[in-house]
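S.K.: Handing you a structure now.
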Amino acid sequence: MSDSQASVRPDRRAELAAGLARVRSRIADACAAAGRDRAEVTMIAVTKTYPAGDVVALAGLGVTDVGENRDQEAAPKAAEVAAAGVTPRWHFIGRLQRNKARSVVRYADAVHSVDSVRLARAVDAAAAAARDRPLDVLVQVSIDGDAARGGALPGSADPDVGLDRVAEAVAGAEALRLTGLMAVAPLGWEPERAFARLAELAAAFRSVHPGATSLSAGMSGDLEVAIGYGATHVRVGSALLGMRPTLR
Ligand SMILES: *Cc1c(COP(=O)(O)O)cnc(C)c1O
């Protein structure tokens with residue numbers, strides 16, 4: 001019952017409000033420490049594994065941007081949230097298979113995880129068929145150059161996954177708008193080292209694509225460091241909604 005109405009109980013709402021207040025103050029403090037304007041940083045609430053009711057409640061608390069990483073979960077959740085009359089900006093932040101592109105472009109306002117030319121083409125074709133305005137795309141970049149873990153490879157001439165080739169494919173696509181870079185700190189790297197490297201990559205990237213100013217980096221555990229190195233979008237899940245029971 002409460003499910004179909006996408007509502008939450010008052011205690012859950014209070015929990016979300018408290019999480020949101022903590023995360024907002026962490027972001028504000030990090031911006032102050034970095035000498036940055038708070039308005040430069042968008043918080044994306046990563047709601048994976050949490051129900052549509054939480055999204056609706058967060059929207060009621062002023063959250064405008066929501067992130068999901070699996071289409072199977074995100075598509076019905078976005079529909080349920082829309083049915084509740086709430087329209088946040090949906091960011092698709094997870095690994096994307098080409099055969100899911102047609103579904104994702106229907107609800108996503110931005111995709112942060114395009115990391116190959118083939119995927120860029122699939123998303124472009126899907127967006128051209130299903131949307132009346134371009135889809136924002138951030139190219140996911142690999143900070144450590146480990147191709148197995150996803151992300152386009154900086155400095156690589158590989159025709160499918162070289163960062164320059166992926167960016168060109170997105171920039172040249174009719175139905176896509178190249179807005180920036182996304183990255184996840186590699187396992188085992190200090191966030192400091194990871195985001196310092198990312199800042200260098202982003203600076204080089206902007207010299208070629210001056211309009212692509214977004215930098216999606218930083219999660220619950222490392223958002224302060226990411227903001228210190230120029231993140232414009234932080235993707236915050238557990239610090240906001242609570243620990244997810246298991247990774248799926
Ligand atoms: C789950 C996820 C996040 C949020 O992680 P938390 O540590 O819960 O804040 C951020 N980015 C991506 C790509 C994710 O999959």
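Lettering and numbering for the structure tokens are positional, with chains as A, B, ... in the shown order, residues counted from 1 in each chain, and ligands counted from 1 in the shown order.
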If we count only C-alpha atoms, what is near region 181-198 of chain A at a cut-off of 7 Å, once residues fewer than 6 positions away on the same chain are taken out, given as number ranges by chain?
M.R.: A: 112, 138-144, 214-217, 222, 225-226, 229
S.K.: Can those selected residues be exported to a file as a CSV table (one decimal), in the first residue's frame so that it contains all heavy atoms?
M.R.:
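That gives us part.csv:
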```csv
chain,number,residue,atom,x,y,z
A,112,HIS,N,26.4,9.0,-16.5
A,112,HIS,CA,27.8,9.3,-16.1
A,112,HIS,C,28.8,8.2,-16.5
A,112,HIS,O,30.0,8.3,-16.1
A,112,HIS,CB,27.9,9.4,-14.6
A,112,HIS,CG,27.2,10.5,-14.0
A,112,HIS,ND1,27.7,11.3,-13.0
A,112,HIS,CD2,26.0,11.1,-14.2
A,112,HIS,CE1,26.9,12.3,-12.6
A,112,HIS,NE2,25.8,12.2,-13.4
A,138,LEU,N,28.5,12.2,-19.3
A,138,LEU,CA,29.8,12.3,-18.7
A,138,LEU,C,30.6,11.1,-19.1
A,138,LEU,O,30.0,10.0,-19.0
A,138,LEU,CB,29.8,12.5,-17.2
A,138,LEU,CG,29.1,13.7,-16.6
A,138,LEU,CD1,27.6,13.6,-16.6
A,138,LEU,CD2,29.7,14.0,-15.2
A,139,VAL,N,31.8,11.3,-19.6
A,139,VAL,CA,32.6,10.1,-19.9
A,139,VAL,C,33.2,9.6,-18.7
A,139,VAL,O,33.9,10.4,-17.9
A,139,VAL,CB,33.6,10.5,-21.0
A,139,VAL,CG1,34.6,9.3,-21.2
A,139,VAL,CG2,33.0,10.9,-22.3
A,140,GLN,N,33.0,8.3,-18.4
A,140,GLN,CA,33.7,7.7,-17.2
A,140,GLN,C,35.2,7.4,-17.6
A,140,GLN,O,35.5,6.8,-18.6
A,140,GLN,CB,33.0,6.4,-16.8
A,140,GLN,CG,33.7,5.9,-15.5
A,140,GLN,CD,32.9,4.7,-14.9
A,140,GLN,OE1,31.8,4.4,-15.3
A,140,GLN,NE2,33.6,4.1,-13.9
A,141,VAL,N,36.1,7.9,-16.8
A,141,VAL,CA,37.5,7.8,-17.0
A,141,VAL,C,38.1,6.9,-15.9
A,141,VAL,O,37.7,6.9,-14.8
A,141,VAL,CB,38.2,9.2,-17.1
A,141,VAL,CG1,38.1,9.9,-15.8
A,141,VAL,CG2,39.6,9.0,-17.5
A,142,SER,N,39.0,6.0,-16.4
A,142,SER,CA,39.8,5.2,-15.5
A,142,SER,C,40.9,6.0,-14.9
A,142,SER,O,41.8,6.5,-15.7
A,142,SER,CB,40.3,3.9,-16.2
A,142,SER,OG,41.2,3.3,-15.4
A,143,ILE,N,41.0,6.1,-13.6
A,143,ILE,CA,42.1,6.8,-13.0
A,143,ILE,C,43.4,6.0,-13.0
A,143,ILE,O,44.5,6.5,-13.1
A,143,ILE,CB,41.7,7.2,-11.5
A,143,ILE,CG1,40.6,8.3,-11.6
A,143,ILE,CG2,42.9,7.8,-10.8
A,143,ILE,CD1,40.1,8.7,-10.2
A,144,ASP,N,43.3,4.7,-12.8
A,144,ASP,CA,44.5,3.8,-12.7
A,144,ASP,C,44.8,3.1,-14.0
A,144,ASP,O,45.8,2.3,-14.1
A,144,ASP,CB,44.4,2.9,-11.6
A,144,ASP,CG,43.2,1.9,-11.8
A,144,ASP,OD1,42.5,2.0,-12.8
A,144,ASP,OD2,43.1,1.0,-10.9
A,214,SER,N,31.7,19.5,-16.1
A,214,SER,CA,31.3,18.8,-15.0
A,214,SER,C,32.3,17.7,-14.6
A,214,SER,O,33.0,17.1,-15.4
A,214,SER,CB,30.0,18.0,-15.3
A,214,SER,OG,28.9,18.9,-15.5
A,215,LEU,N,32.5,17.5,-13.3
A,215,LEU,CA,33.4,16.5,-12.8
A,215,LEU,C,32.7,15.8,-11.6
A,215,LEU,O,32.4,16.3,-10.6
A,215,LEU,CB,34.7,17.2,-12.2
A,215,LEU,CG,35.8,16.2,-11.8
A,215,LEU,CD1,36.2,15.3,-12.9
A,215,LEU,CD2,37.0,17.0,-11.2
A,216,SER,N,32.3,14.5,-12.0
A,216,SER,CA,31.5,13.7,-11.1
A,216,SER,C,32.4,12.8,-10.3
A,216,SER,O,33.0,11.8,-10.9
A,216,SER,CB,30.5,12.9,-11.9
A,216,SER,OG,29.8,11.9,-11.1
A,217,ALA,N,32.7,13.1,-9.0
A,217,ALA,CA,33.7,12.4,-8.2
A,217,ALA,C,33.3,12.5,-6.8
A,217,ALA,O,32.8,13.6,-6.4
A,217,ALA,CB,35.1,12.8,-8.5
A,222,ASP,N,34.6,9.8,0.6
A,222,ASP,CA,35.7,10.7,0.2
A,222,ASP,C,35.2,12.0,-0.5
A,222,ASP,O,36.0,12.6,-1.3
A,222,ASP,CB,36.6,9.9,-0.8
A,222,ASP,CG,35.8,9.2,-2.0
A,222,ASP,OD1,34.7,9.7,-2.2
A,222,ASP,OD2,36.3,8.3,-2.6
A,225,VAL,N,37.5,15.2,-0.1
A,225,VAL,CA,38.7,15.2,-1.0
A,225,VAL,C,38.4,15.5,-2.4
A,225,VAL,O,39.0,16.3,-3.1
A,225,VAL,CB,39.5,13.8,-0.9
A,225,VAL,CG1,40.8,13.9,-1.7
A,225,VAL,CG2,39.7,13.4,0.6
A,226,ALA,N,37.3,14.9,-2.9
A,226,ALA,CA,36.9,15.2,-4.3
A,226,ALA,C,36.5,16.6,-4.5
A,226,ALA,O,36.9,17.2,-5.5
A,226,ALA,CB,35.7,14.3,-4.6
A,229,TYR,N,39.4,18.7,-5.0
A,229,TYR,CA,40.0,18.6,-6.3
A,229,TYR,C,39.1,18.9,-7.4
A,229,TYR,O,39.3,18.5,-8.5
A,229,TYR,CB,40.7,17.2,-6.5
A,229,TYR,CG,42.0,17.1,-5.7
A,229,TYR,CD1,42.1,16.4,-4.5
A,229,TYR,CD2,43.1,17.7,-6.2
A,229,TYR,CE1,43.3,16.4,-3.8
A,229,TYR,CE2,44.3,17.6,-5.6
A,229,TYR,CZ,44.4,17.0,-4.3
A,229,TYR,OH,45.6,16.9,-3.7
```
S.K.: Check which residues fall inside 9 Å of ligand 1 when counting only C-alpha atoms and all ligand atoms, and print them as a VMD selection string.
M.R.: chain A and resid 44 to 48 67 to 70 92 to 95 112 to 113 182 to 184 216 to 223 234 to 244 247
S.K.: Go ahead and dump the residues you just picked, N, CA and C atoms, as a compact mmCIF listing (two decimals), in the first residue's frame.
M.R.:
```txt
# COMPACT_ATOMS: atom_id res chain seq x y z
N ILE A 44 24.23 14.41 -5.67
CA ILE A 44 23.36 13.39 -6.25
C ILE A 44 23.09 12.35 -5.16
N ALA A 45 21.83 12.17 -4.82
CA ALA A 45 21.47 11.16 -3.82
C ALA A 45 21.41 9.81 -4.50
N VAL A 46 22.29 8.90 -4.13
CA VAL A 46 22.34 7.59 -4.77
C VAL A 46 21.39 6.65 -4.02
N THR A 47 20.26 6.36 -4.67
CA THR A 47 19.16 5.68 -3.99
C THR A 47 19.07 4.19 -4.31
N LYS A 48 20.11 3.64 -4.93
CA LYS A 48 20.09 2.20 -5.26
C LYS A 48 19.82 1.38 -4.00
N GLY A 67 20.62 9.41 -8.15
CA GLY A 67 21.46 8.51 -8.95
C GLY A 67 21.10 7.06 -8.74
N GLU A 68 21.19 6.29 -9.82
CA GLU A 68 20.93 4.86 -9.77
C GLU A 68 21.98 4.16 -10.62
N ASN A 69 22.26 2.89 -10.30
CA ASN A 69 23.32 2.21 -11.05
C ASN A 69 22.88 0.96 -11.80
N ARG A 70 21.61 0.55 -11.64
CA ARG A 70 21.15 -0.63 -12.39
C ARG A 70 19.81 -0.31 -13.04
N PHE A 92 22.20 8.27 -14.33
CA PHE A 92 22.57 6.86 -14.39
C PHE A 92 24.08 6.78 -14.19
N ILE A 93 24.51 6.12 -13.10
CA ILE A 93 25.92 6.18 -12.71
C ILE A 93 26.62 4.83 -12.75
N GLY A 94 25.89 3.77 -13.13
CA GLY A 94 26.48 2.44 -13.07
C GLY A 94 26.93 1.94 -14.42
N ARG A 95 27.58 0.81 -14.38
CA ARG A 95 28.00 0.18 -15.63
C ARG A 95 26.78 -0.05 -16.51
N HIS A 112 26.44 8.98 -16.54
CA HIS A 112 27.82 9.28 -16.12
C HIS A 112 28.81 8.20 -16.52
N SER A 113 28.35 7.17 -17.17
CA SER A 113 29.17 5.96 -17.27
C SER A 113 29.42 5.52 -18.71
N MET A 182 33.48 11.56 -15.30
CA MET A 182 33.12 10.90 -14.05
C MET A 182 34.22 9.89 -13.72
N ALA A 183 34.48 9.71 -12.43
CA ALA A 183 35.43 8.68 -12.03
C ALA A 183 35.11 8.18 -10.63
N VAL A 184 35.60 6.99 -10.38
CA VAL A 184 35.53 6.38 -9.05
C VAL A 184 36.98 6.16 -8.61
N SER A 216 32.26 14.53 -11.98
CA SER A 216 31.48 13.70 -11.05
C SER A 216 32.44 12.79 -10.30
N ALA A 217 32.67 13.11 -9.04
CA ALA A 217 33.65 12.36 -8.24
C ALA A 217 33.34 12.55 -6.77
N GLY A 218 33.64 11.52 -5.99
CA GLY A 218 33.40 11.62 -4.55
C GLY A 218 32.12 10.91 -4.16
N MET A 219 32.22 10.09 -3.11
CA MET A 219 31.08 9.35 -2.60
C MET A 219 31.02 9.60 -1.09
N SER A 220 30.27 8.76 -0.37
CA SER A 220 30.10 9.01 1.07
C SER A 220 31.43 9.15 1.80
N GLY A 221 32.40 8.29 1.44
CA GLY A 221 33.64 8.25 2.22
C GLY A 221 34.69 9.27 1.82
N ASP A 222 34.55 9.85 0.63
CA ASP A 222 35.66 10.68 0.15
C ASP A 222 35.20 11.97 -0.52
N LEU A 223 33.99 12.40 -0.21
CA LEU A 223 33.47 13.58 -0.91
C LEU A 223 34.27 14.85 -0.62
N VAL A 234 28.86 15.29 -6.48
CA VAL A 234 29.24 14.20 -5.58
C VAL A 234 28.07 13.23 -5.52
N ARG A 235 28.39 11.93 -5.50
CA ARG A 235 27.37 10.88 -5.56
C ARG A 235 27.30 10.20 -4.20
N VAL A 236 26.28 10.53 -3.43
CA VAL A 236 26.25 10.13 -2.02
C VAL A 236 25.11 9.17 -1.74
N GLY A 237 25.46 7.96 -1.32
CA GLY A 237 24.46 6.96 -1.00
C GLY A 237 24.36 6.72 0.49
N SER A 238 25.25 5.90 1.02
CA SER A 238 25.11 5.40 2.40
C SER A 238 25.11 6.52 3.44
N ALA A 239 25.86 7.57 3.26
CA ALA A 239 25.88 8.65 4.26
C ALA A 239 24.52 9.34 4.36
N LEU A 240 23.74 9.19 3.32
CA LEU A 240 22.45 9.87 3.26
C LEU A 240 21.31 8.93 3.65
N LEU A 241 21.33 7.73 3.06
CA LEU A 241 20.20 6.81 3.21
C LEU A 241 20.44 5.70 4.21
N GLY A 242 21.70 5.51 4.62
CA GLY A 242 22.04 4.41 5.51
C GLY A 242 22.83 3.36 4.77
N MET A 243 23.44 2.46 5.52
CA MET A 243 24.24 1.41 4.90
C MET A 243 23.35 0.49 4.10
N ARG A 244 23.76 0.18 2.89
CA ARG A 244 22.99 -0.79 2.11
C ARG A 244 23.27 -2.19 2.67
N LEU A 247 25.74 -5.64 -1.25
CA LEU A 247 25.99 -5.15 -2.60
C LEU A 247 25.42 -6.17 -3.57
```
S.K.: Applying 12 Å and only C-alpha atoms, which residues near Arg206 (chain A) remain after dropping the ones on its own chain fewer than 5 positions away? List them as a ChimeraX atom specification.
M.R.: /A:164,167,178-181,199-201,211-215
S.K.: Which residue out of A:Leu163, A:Val170, A:Ala74, A:Ala152 has the minimum interatomic distance to Ser103 (chain A) when only C-alpha atoms are used?
M.R.: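 Of all the options, A:Ala74 lies closest to Ser103 (chain A).
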S.K.: From a DSSP calculation on the backbone, collect every residue of region 5-64 of chain A in strand (DSSP E) and output the set as a PyMOL selection string.
M.R.: chain A and resi 42-46
S.K.: Can those selected residues be exported to a file as a short mmCIF file (atom, residue, chain, number, x, y, z; two decimals), in the first residue's frame so that it contains N, CA, C and O atoms?
M.R.:
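Dumped everything to out-v7.cif:
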```
data_model
loop_
_atom_site.label_atom_id
_atom_site.label_comp_id
_atom_site.auth_asym_id
_atom_site.auth_seq_id
_atom_site.Cartn_x
_atom_site.Cartn_y
_atom_site.Cartn_z
N THR A 42 26.86 19.95 -6.90
CA THR A 42 25.54 19.32 -6.86
C THR A 42 25.65 17.98 -6.13
O THR A 42 26.53 17.18 -6.44
N MET A 43 24.76 17.77 -5.18
CA MET A 43 24.72 16.47 -4.51
C MET A 43 23.73 15.56 -5.23
O MET A 43 22.56 15.90 -5.40
N ILE A 44 24.23 14.41 -5.67
CA ILE A 44 23.36 13.39 -6.25
C ILE A 44 23.09 12.35 -5.16
O ILE A 44 24.02 11.74 -4.64
N ALA A 45 21.83 12.17 -4.82
CA ALA A 45 21.47 11.16 -3.82
C ALA A 45 21.41 9.81 -4.50
O ALA A 45 20.58 9.59 -5.39
N VAL A 46 22.29 8.90 -4.13
CA VAL A 46 22.34 7.59 -4.77
C VAL A 46 21.39 6.65 -4.02
O VAL A 46 21.66 6.21 -2.91
#
```
S.K.: Quick one: residues within 10 Å of Arg9 (chain A), only C-alpha atoms, excluding same-chain residues fewer than 4 positions away - as a ChimeraX atom specification?
M.R.: /A:2,13-14,53-54,57
S.K.: For a test of reading the model, state the distance in Å between CA of Arg26 (chain A) and CA of Gly228 (chain A), rounded to one decimal.
M.R.: 12.1 Å
S.K.: Could you check how far CA of Arg131 (chain A) sits from CA of Pro210 (chain A), in Å to one decimal?
M.R.: 25.2 Å
S.K.: Quick one: everything within 10 Å of Leu119 (chain A), counting only C-alpha atoms, minus sequence neighbours fewer than 6 positions away in the same chain. Send it as a list in words.
M.R.: Leu96, Gln97, Arg98, Asn99, Ala101, Ser113, Ala125, Asp160, Val161, Val166, Ala169 and Val170 of chain A
S.K.: Convert the current residue selection to file output with C-alpha atoms, as a PDB file, in the first residue's frame.
M.R.:
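As written to disk, again.pdb reads:
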```pdb
ATOM      1  CA  LEU A  96      25.750   0.265 -18.661  1.00  0.00           C
ATOM      2  CA  GLN A  97      25.262  -2.560 -21.118  1.00  0.00           C
ATOM      3  CA  ARG A  98      24.468  -1.513 -24.657  1.00  0.00           C
ATOM      4  CA  ASN A  99      21.221  -3.473 -24.677  1.00  0.00           C
ATOM      5  CA  ALA A 101      20.547   1.960 -23.463  1.00  0.00           C
ATOM      6  CA  SER A 113      29.166   5.963 -17.270  1.00  0.00           C
ATOM      7  CA  ALA A 125      20.945   5.914 -31.253  1.00  0.00           C
ATOM      8  CA  ASP A 160      37.020   1.880 -28.646  1.00  0.00           C
ATOM      9  CA  VAL A 161      38.106   2.785 -25.126  1.00  0.00           C
ATOM     10  CA  VAL A 166      35.165   8.203 -26.504  1.00  0.00           C
ATOM     11  CA  ALA A 169      32.218  10.119 -30.181  1.00  0.00           C
ATOM     12  CA  VAL A 170      30.032  11.742 -27.526  1.00  0.00           C
TER      13      VAL A 170
END
```
S.K.: If you count only C-alpha atoms, which residues fall within 8 Å of Ala110 (chain A), apart from same-chain ones fewer than 6 positions away, as a count of residues only?
M.R.: 8
S.K.: Can you measure CA of Lys100 (chain A) to CA of Gly150 (chain A) for me? One decimal in Å is fine.
M.R.: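 These atoms are spaced 16.6 Å apart.
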S.K.: For Ala122 (chain A), which residue among A:Ser156, A:Ala175, A:Asp146, A:Ala59 is the nearest when counting only C-alpha atoms?
M.R.: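 For Ala122 (chain A), the nearest of the given residues is A:Ala175.
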S.K.: Go through A:Gly19, A:Gly155, A:Gly60, A:Gly162 and flag the residue nearest Asp115 (chain A), using only C-alpha atoms for the distances.
M.R.: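 Ranked by minimum distance to Asp115 (chain A), first place goes to A:Gly162.
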S.K.: Compare A:Arg121, A:Arg106, A:Arg24, A:Arg177 by their minimum atom-to-atom distance to Ala78 (chain A), counting only C-alpha atoms, and give me the closest one.
M.R.: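 With only C-alpha atoms as the atom set, the closest residue is A:Arg106.
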